[in-house]
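Peer 1: final-v4.txt is reproduced in full below (compact mmCIF, C-alpha atoms).
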# COMPACT_ATOMS: atom_id res chain seq x y z
CA MET A 1 -30.13 -55.86 3.53
CA PHE A 2 -28.83 -52.43 4.38
CA ASP A 3 -26.54 -52.42 1.39
CA ASN A 4 -29.44 -53.10 -0.82
CA LYS A 5 -31.35 -50.12 0.49
CA ARG A 6 -28.47 -47.74 0.00
CA GLU A 7 -28.04 -48.62 -3.59
CA ARG A 8 -31.61 -47.77 -4.30
CA GLU A 9 -31.33 -44.26 -2.83
CA GLU A 10 -30.66 -41.57 -5.40
CA PRO A 11 -27.89 -39.20 -4.32
CA GLU A 12 -29.18 -36.20 -6.28
CA ILE A 13 -29.51 -32.70 -4.89
CA GLY A 14 -32.70 -30.98 -5.88
CA GLY A 15 -31.96 -28.32 -8.48
CA ALA A 16 -35.27 -26.54 -8.12
CA GLY A 17 -34.06 -24.24 -5.32
CA MET A 18 -31.23 -22.99 -7.50
CA ALA A 19 -33.41 -20.50 -9.32
CA ASP A 20 -34.67 -19.12 -6.00
CA ILE A 21 -31.15 -18.55 -4.73
CA ALA A 22 -30.18 -16.86 -7.97
CA PHE A 23 -33.29 -14.67 -7.78
CA LEU A 24 -32.49 -13.64 -4.25
CA LEU A 25 -28.96 -12.62 -5.17
CA LEU A 26 -30.23 -10.88 -8.28
CA ILE A 27 -32.71 -8.81 -6.29
CA PHE A 28 -30.01 -7.87 -3.79
CA PHE A 29 -27.70 -6.58 -6.51
CA LEU A 30 -30.57 -4.86 -8.28
CA LEU A 31 -31.28 -2.91 -5.13
CA VAL A 32 -27.73 -1.91 -4.26
CA THR A 33 -26.66 -1.01 -7.79
CA THR A 34 -26.36 2.65 -8.60
CA ILE A 35 -26.13 3.12 -12.31
CA ASP A 36 -25.81 6.92 -12.09
CA VAL A 37 -22.62 8.06 -13.75
CA ASP A 38 -20.24 10.59 -12.34
CA THR A 39 -20.42 13.86 -14.15
CA GLY A 40 -18.24 16.89 -13.85
CA ILE A 41 -15.95 19.38 -15.49
CA GLY A 42 -12.68 17.73 -16.42
CA LEU A 43 -9.46 19.67 -16.29
CA GLN A 44 -5.80 18.91 -16.81
CA LEU A 45 -3.56 20.61 -14.29
CA PRO A 46 -0.19 21.92 -15.45
CA PRO A 47 2.75 19.91 -14.12
CA ALA A 48 4.49 21.20 -11.02
CA PRO A 49 7.01 23.92 -11.87
CA GLU A 50 10.65 22.94 -11.64
CA GLU A 51 12.78 24.72 -9.09
CA ASN A 52 14.28 27.99 -10.26
CA ALA A 53 12.83 27.55 -13.70
CA GLU A 54 11.69 30.71 -15.44
CA PRO A 55 8.14 30.57 -16.72
CA PRO A 56 8.09 30.50 -20.52
CA PRO A 57 7.57 33.93 -22.07
CA ILE A 58 3.99 34.51 -23.21
CA LYS A 59 2.85 37.50 -25.18
CA GLU A 60 0.34 39.62 -23.34
CA ARG A 61 -2.12 39.45 -26.23
CA ASN A 62 -2.25 35.66 -26.07
CA LEU A 63 -3.30 35.70 -22.46
CA LEU A 64 -6.88 36.23 -21.38
CA ASN A 65 -6.91 37.10 -17.72
CA ILE A 66 -10.09 36.22 -15.90
CA LEU A 67 -10.32 37.42 -12.35
CA VAL A 68 -13.11 36.38 -10.03
CA ASN A 69 -13.31 38.28 -6.78
CA SER A 70 -14.83 37.33 -3.47
CA GLN A 71 -18.12 39.02 -4.34
CA GLY A 72 -18.40 36.80 -7.39
CA MET A 73 -17.71 39.59 -9.89
CA VAL A 74 -15.78 38.73 -13.01
CA LEU A 75 -13.07 40.84 -14.57
CA MET A 76 -11.83 39.88 -18.04
CA ASP A 77 -8.70 41.67 -19.21
CA GLU A 78 -9.46 44.54 -16.79
CA GLU A 79 -13.05 44.78 -17.96
CA PRO A 80 -15.98 43.95 -15.68
CA THR A 81 -18.08 41.26 -17.37
CA PRO A 82 -21.31 39.55 -16.38
CA VAL A 83 -20.91 35.77 -16.11
CA ASN A 84 -23.30 35.12 -18.99
CA GLN A 85 -21.10 37.08 -21.40
CA VAL A 86 -17.92 35.19 -20.53
CA LYS A 87 -18.56 32.57 -23.20
CA GLN A 88 -18.94 35.15 -25.96
CA LYS A 89 -15.75 36.93 -24.95
CA VAL A 90 -13.71 33.74 -24.71
CA LYS A 91 -14.87 32.73 -28.19
CA ALA A 92 -13.94 36.13 -29.61
CA PHE A 93 -10.56 35.92 -27.92
CA VAL A 94 -9.72 32.42 -29.14
CA THR A 95 -10.91 32.83 -32.72
CA ASN A 96 -9.30 36.22 -33.22
CA ASN A 97 -6.47 34.89 -35.44
CA GLY A 98 -4.45 38.08 -35.11
CA LYS A 99 -7.09 40.55 -36.30
CA ASP A 100 -7.52 42.56 -33.12
CA PRO A 101 -4.10 43.46 -31.68
CA GLU A 102 -5.49 43.08 -28.16
CA LEU A 103 -6.65 39.49 -28.65
CA SER A 104 -4.88 36.24 -29.45
CA ASP A 105 -2.63 35.44 -32.44
CA SER A 106 -4.15 32.04 -33.10
CA PRO A 107 -6.33 29.50 -31.26
CA ASP A 108 -3.40 27.26 -30.39
CA LYS A 109 -1.53 30.10 -28.73
CA ALA A 110 -4.47 31.42 -26.76
CA ILE A 111 -4.28 30.82 -23.04
CA VAL A 112 -7.08 31.46 -20.62
CA SER A 113 -5.73 32.32 -17.22
CA ILE A 114 -8.10 32.15 -14.28
CA LYS A 115 -7.38 33.83 -11.01
CA THR A 116 -9.55 33.93 -7.93
CA ASP A 117 -9.51 35.33 -4.47
CA ARG A 118 -9.28 32.91 -1.59
CA GLU A 119 -12.78 33.90 -0.56
CA THR A 120 -14.38 33.35 -3.97
CA PRO A 121 -17.36 31.03 -3.57
CA TYR A 122 -16.86 27.71 -5.30
CA ASN A 123 -20.12 27.85 -7.26
CA VAL A 124 -19.21 31.19 -8.83
CA TYR A 125 -15.90 29.75 -9.94
CA ILE A 126 -17.66 26.70 -11.43
CA ASP A 127 -20.20 28.90 -13.23
CA MET A 128 -17.38 30.86 -14.79
CA LEU A 129 -15.38 27.75 -15.68
CA ASP A 130 -18.55 26.29 -17.15
CA GLU A 131 -18.79 29.27 -19.49
CA VAL A 132 -15.17 28.89 -20.58
CA MET A 133 -15.70 25.16 -21.20
CA GLY A 134 -18.88 26.02 -23.09
CA ALA A 135 -16.97 28.37 -25.36
CA TYR A 136 -14.44 25.67 -26.21
CA ALA A 137 -17.16 23.06 -26.65
CA GLU A 138 -18.97 25.29 -29.16
CA LEU A 139 -15.79 26.04 -31.07
CA ARG A 140 -14.85 22.38 -31.22
CA ASN A 141 -18.34 21.45 -32.36
CA GLN A 142 -18.18 24.07 -35.10
CA ALA A 143 -14.81 22.79 -36.29
CA ALA A 144 -15.98 19.18 -36.17
CA GLN A 145 -19.15 20.03 -38.10
CA ALA A 146 -17.16 21.89 -40.74
CA GLN A 147 -14.56 19.17 -41.19
CA PHE A 148 -16.39 15.93 -40.52
CA GLY A 149 -20.08 16.86 -40.44
CA ARG A 150 -20.52 15.66 -36.90
CA ASN A 151 -20.36 17.11 -33.43
CA TYR A 152 -17.16 16.78 -31.47
CA GLY A 153 -18.82 14.48 -28.95
CA GLN A 154 -19.87 12.10 -31.71
CA LEU A 155 -16.35 11.59 -32.98
CA GLU A 156 -14.73 8.39 -31.86
CA ASP A 157 -12.63 8.62 -28.71
CA ASP A 158 -8.88 8.89 -29.32
CA SER A 159 -9.45 8.90 -33.07
CA GLU A 160 -7.41 10.95 -35.49
CA GLN A 161 -10.39 13.18 -36.15
CA GLN A 162 -10.80 13.99 -32.49
CA GLN A 163 -7.09 14.67 -32.25
CA ALA A 164 -7.30 17.03 -35.21
CA ILE A 165 -10.01 19.06 -33.53
CA GLN A 166 -8.08 19.10 -30.29
CA ASP A 167 -5.05 20.41 -32.12
CA THR A 168 -7.14 23.14 -33.73
CA TYR A 169 -8.62 24.29 -30.44
CA PRO A 170 -6.42 23.11 -27.59
CA LYS A 171 -7.90 23.88 -24.21
CA LYS A 172 -5.20 25.89 -22.52
CA ILE A 173 -6.52 26.92 -19.17
CA SER A 174 -4.21 27.97 -16.42
CA ILE A 175 -5.23 28.49 -12.85
CA ALA A 176 -3.18 31.08 -11.07
CA GLU A 177 -2.56 31.07 -7.37
CA PRO A 178 -5.06 33.25 -5.57
CA ASN A 179 -4.35 36.49 -3.83
CA GLN A 180 -3.95 36.17 -0.12
CA MET B 1 -59.04 -25.92 -41.55
CA GLY B 2 -59.64 -29.14 -39.72
CA GLN B 3 -56.17 -30.29 -40.56
CA PHE B 4 -54.53 -27.31 -38.96
CA GLU B 5 -56.54 -27.60 -35.77
CA LYS B 6 -55.52 -31.16 -35.37
CA LYS B 7 -51.87 -30.36 -35.74
CA SER B 8 -51.81 -27.57 -33.15
CA ALA B 9 -53.78 -29.63 -30.69
CA LYS B 10 -51.16 -32.34 -30.83
CA SER B 11 -48.16 -30.13 -30.03
CA ASP B 12 -47.04 -29.85 -26.41
CA PRO B 13 -47.74 -26.35 -25.11
CA THR B 14 -45.31 -26.31 -22.15
CA ILE B 15 -42.22 -24.12 -22.29
CA SER B 16 -39.08 -25.71 -21.00
CA LEU B 17 -37.92 -23.99 -17.83
CA THR B 18 -34.51 -25.58 -17.59
CA ALA B 19 -32.77 -22.54 -19.02
CA MET B 20 -34.38 -20.22 -16.46
CA PRO B 21 -31.57 -20.42 -13.87
CA ASP B 22 -29.07 -19.70 -16.63
CA ILE B 23 -30.87 -16.50 -17.58
CA ILE B 24 -31.15 -15.42 -13.97
CA PHE B 25 -27.47 -16.16 -13.40
CA MET B 26 -26.54 -14.12 -16.42
CA LEU B 27 -28.48 -11.13 -15.10
CA LEU B 28 -26.99 -11.72 -11.67
CA ILE B 29 -23.46 -11.70 -12.99
CA PHE B 30 -24.17 -8.53 -14.97
CA PHE B 31 -25.34 -6.69 -11.88
CA MET B 32 -22.50 -8.06 -9.77
CA VAL B 33 -19.97 -6.76 -12.23
CA THR B 34 -21.52 -3.33 -12.67
CA THR B 35 -22.20 -2.74 -8.99
CA VAL B 36 -19.97 -0.37 -7.14
CA LEU B 37 -20.70 -0.77 -3.49
CA ARG B 38 -20.64 2.54 -1.73
CA GLU B 39 -17.79 2.34 0.70
CA VAL B 40 -17.38 5.90 1.93
CA THR B 41 -19.40 7.49 4.68
CA LEU B 42 -19.39 11.21 4.17
CA GLN B 43 -18.16 13.17 7.14
CA VAL B 44 -18.47 16.48 5.36
CA GLN B 45 -21.53 17.99 3.78
CA VAL B 46 -21.41 18.21 0.00
CA ASP B 47 -24.11 19.87 -2.09
CA TYR B 48 -23.08 19.74 -5.72
CA THR B 49 -23.04 22.75 -7.96
CA ARG B 50 -24.66 22.61 -11.33
CA ALA B 51 -23.06 23.19 -14.71
CA GLU B 52 -23.98 22.73 -18.36
CA ASN B 53 -20.79 21.67 -20.08
CA ILE B 54 -19.98 18.52 -18.21
CA GLU B 55 -18.53 15.22 -19.21
CA LYS B 56 -19.11 11.73 -17.92
CA ILE B 57 -16.43 9.69 -16.25
CA GLU B 58 -16.82 6.29 -17.84
CA GLN B 59 -14.10 4.41 -16.00
CA LYS B 60 -15.12 4.61 -12.38
CA ARG B 61 -12.24 2.44 -11.30
CA LEU B 62 -9.77 5.17 -12.17
CA VAL B 63 -11.46 7.73 -9.98
CA SER B 64 -10.39 8.74 -6.53
CA TYR B 65 -12.46 11.24 -4.61
CA ILE B 66 -11.61 14.21 -2.46
CA TYR B 67 -14.52 15.65 -0.54
CA VAL B 68 -14.41 19.24 0.63
CA GLY B 69 -17.12 20.84 2.70
CA PRO B 70 -18.25 21.85 6.15
CA GLU B 71 -17.77 19.09 8.69
CA LYS B 72 -20.93 17.34 9.81
CA LEU B 73 -21.42 17.71 13.53
CA GLN B 74 -23.99 16.19 15.82
CA GLY B 75 -27.53 17.03 14.95
CA ARG B 76 -27.91 19.10 11.86
CA LYS B 77 -25.12 21.52 12.63
CA VAL B 78 -22.08 21.89 10.44
CA GLY B 79 -18.61 23.05 11.42
CA ASN B 80 -15.58 24.38 9.62
CA THR B 81 -14.61 23.42 6.11
CA LYS B 82 -12.66 20.16 6.08
CA ILE B 83 -11.12 17.82 3.53
CA GLN B 84 -12.07 14.16 3.48
CA ILE B 85 -10.21 11.47 1.58
CA ASP B 86 -11.50 7.91 1.76
CA ASP B 87 -12.88 7.55 5.26
CA SER B 88 -10.91 10.07 7.22
CA ILE B 89 -10.79 13.80 7.59
CA ILE B 90 -7.47 15.35 6.66
CA ASP B 91 -6.52 18.26 8.88
CA ASP B 92 -3.30 19.18 7.13
CA VAL B 93 -3.54 20.00 3.42
CA GLY B 94 0.08 18.93 3.03
CA ALA B 95 -0.91 15.31 3.64
CA VAL B 96 -2.94 15.27 0.42
CA GLN B 97 0.21 15.09 -1.67
CA GLN B 98 1.51 11.85 -0.12
CA LEU B 99 -1.89 10.18 -0.19
CA MET B 100 -2.46 11.00 -3.82
CA TYR B 101 1.07 10.07 -4.78
CA ASP B 102 0.52 6.60 -3.31
CA LYS B 103 -2.71 6.24 -5.24
CA LEU B 104 -1.04 7.35 -8.43
CA LYS B 105 1.60 4.65 -7.96
CA GLU B 106 -1.15 2.05 -7.89
CA GLU B 107 -3.14 3.50 -10.77
CA PRO B 108 -1.13 5.65 -13.18
CA ARG B 109 -4.24 6.83 -15.04
CA LEU B 110 -5.79 8.20 -11.86
CA ILE B 111 -8.49 10.84 -12.12
CA VAL B 112 -9.05 12.89 -9.01
CA SER B 113 -12.64 13.93 -8.61
CA LEU B 114 -13.10 16.98 -6.44
CA ARG B 115 -16.46 16.93 -4.74
CA VAL B 116 -16.73 20.35 -3.26
CA HIS B 117 -19.61 21.91 -1.38
CA ASP B 118 -21.01 24.75 -3.46
CA GLU B 119 -20.50 27.49 -0.88
CA THR B 120 -16.93 26.59 0.01
CA GLU B 121 -14.35 29.30 -0.43
CA PHE B 122 -12.14 28.55 -3.38
CA GLY B 123 -8.87 29.07 -1.49
CA ILE B 124 -8.85 25.57 -0.02
CA VAL B 125 -9.47 24.07 -3.46
CA THR B 126 -6.44 25.91 -4.82
CA ASP B 127 -4.36 24.54 -1.96
CA ILE B 128 -5.48 21.03 -2.86
CA GLN B 129 -4.70 21.65 -6.52
CA GLU B 130 -1.20 22.77 -5.64
CA GLU B 131 -0.73 19.54 -3.68
CA LEU B 132 -2.07 17.52 -6.60
CA ARG B 133 0.35 19.20 -8.96
CA ASP B 134 3.22 18.32 -6.63
CA ALA B 135 1.97 14.75 -6.38
CA GLY B 136 1.75 14.50 -10.17
CA THR B 137 -1.95 13.68 -10.30
CA LEU B 138 -2.85 16.13 -13.02
CA ARG B 139 -6.17 14.83 -14.26
CA ILE B 140 -8.88 16.33 -12.13
CA ASN B 141 -12.61 16.64 -12.36
CA TYR B 142 -14.87 19.09 -10.59
CA SER B 143 -17.89 17.01 -9.75
CA THR B 144 -21.08 18.79 -10.78
CA LYS B 145 -24.62 17.84 -11.61
CA GLN B 146 -26.29 18.52 -14.93
CA GLU B 147 -27.99 21.89 -15.01
CA GLN B 148 -31.71 21.49 -15.28
Reformat the file's structure so that it appears as structure tokens.
Peer 2:
Amino acid sequence: MFDNKREREEPEIGGAGMADIAFLLLIFFLLVTTIDVDTGIGLQLPPAPEENAEPPPIKERNLLNILVNSQGMVLMDEEPTPVNQVKQKVKAFVTNNGKDPELSDSPDKAIVSIKTDRETPYNVYIDMLDEVMGAYAELRNQAAQAQFGRNYGQLEDDSEQQQAIQDTYPKKISIAEPNQ
Amino acid sequence: MGQFEKKSAKSDPTISLTAMPDIIFMLLIFFMVTTVLREVTLQVQVDYTRAENIEKIEQKRLVSYIYVGPEKLQGRKVGNTKIQIDDSIIDDVGAVQQLMYDKLKEEPRLIVSLRVHDETEFGIVTDIQEELRDAGTLRINYSTKQEQ
């Protein structure tokens, strides 16, 4: 008698609640997800200097010294410069191609050297670095437009075209140790 | 006309709901995969600076953060500038090198994102950069927000 009853029972689990459970989890993940992407100014640090190694000789003209003091004033190659003119000056320096004897020989030799005081506020430094990055971004865009008819950012990542532009305008930025 | 009406009246107007859980699960899995649960409680105050020429970091898994800013004290007061890595405050800048070296061992393509309070003096950032150079973690990123 009992056996009979058992056989009749259907051992199914109701599948209707499944969607509810999935919805609940979905809503949880929807709420905790932050899609905002990290943004920032990327930089490649130079490798640590080897012991007792002499720094490679660099011609004075290929070096653009930018000094930011603790009051947030900017000095470019001994000349006081407002922050909003930094971009213009960096572009002139990089694209000089040997014309002006004070400025760089060629874009791939140009080095921008940034030096700060220990007390320099961080946001002033970032503003200045932003201008330098802006100068390089504009130059790279110009080169990419001239060669490939597209902006640098639209070129495919790690493609030959992008590499070509990078070789034309390598970003050589050095950060010197601050004055004590 | 009559013919058409007859035909449409015959067809069953219910939509099958059996695929519903599948769709929901697909969405669920998408959000599970893209979610990065926030695991750090900030012990230092960080207000980001703004800049125009910024880039996005696409691969979040490569990123390791260093927070620099005034230490949060009780109430709304803030103390001296401190460095925070993961969940602890680092008192000695020299310890940064070892920590970052270990992380670099685990992830050779490591990007170090420096999240620095905008009014911090730059000296401490240079100290950190020196440590990073010694550790060999050369890819860095100054975290900034897009200028409005």
Peer 1: Please identify every residue of chain B that has at least one atom no more than 7 Å from any atom of chain A, counting all atoms listed in the file, and report them as a VMD selection string.
Peer 2: chain B and resid 21 24 to 25 28 31 to 32 35 to 36 49 51 to 57 118 to 123 126 133 to 134 136 138 to 145
Peer 1: Kindly indicate which residue among B:Thr137, B:Ser88, B:Thr81, B:Gln59 lies nearest to Lys105 (chain B), using all atoms listed in the file for the distances.
Peer 2: B:Thr137
Peer 1: Here is a test: counting all atoms listed in the file, which residue of B:Glu147, B:Glu107, B:Glu130, B:Asp22 is nearest to Val93 (chain B)?
Peer 2: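 The closest residue to Val93 (chain B) is B:Glu130.
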Peer 1: One decimal, in Å: what's the spacing between CA of Thr18 (chain B) and CA of Glu12 (chain A)?
Peer 2: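 Distance between the two atoms: 16.4 Å.
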Peer 1: Expressed in Å to a single decimal, how great is the separation between CA of Ile165 (chain A) and CA of Lys89 (chain A)?
Peer 2: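 Here the two named atoms are 20.6 Å from each other.
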Peer 1: Can you work out the spacing between CA of Leu63 (chain A) and CA of Gln163 (chain A) in Å, to one decimal?
Peer 2: 23.5 Å
Peer 1: With distances taken over all atoms listed in the file, which residue among B:Val125, B:Ile85, B:Leu114, B:Leu62 lies nearest Leu99 (chain B)?
Peer 2: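 Using all atoms listed in the file, Leu99 (chain B) sits closest to B:Ile85.
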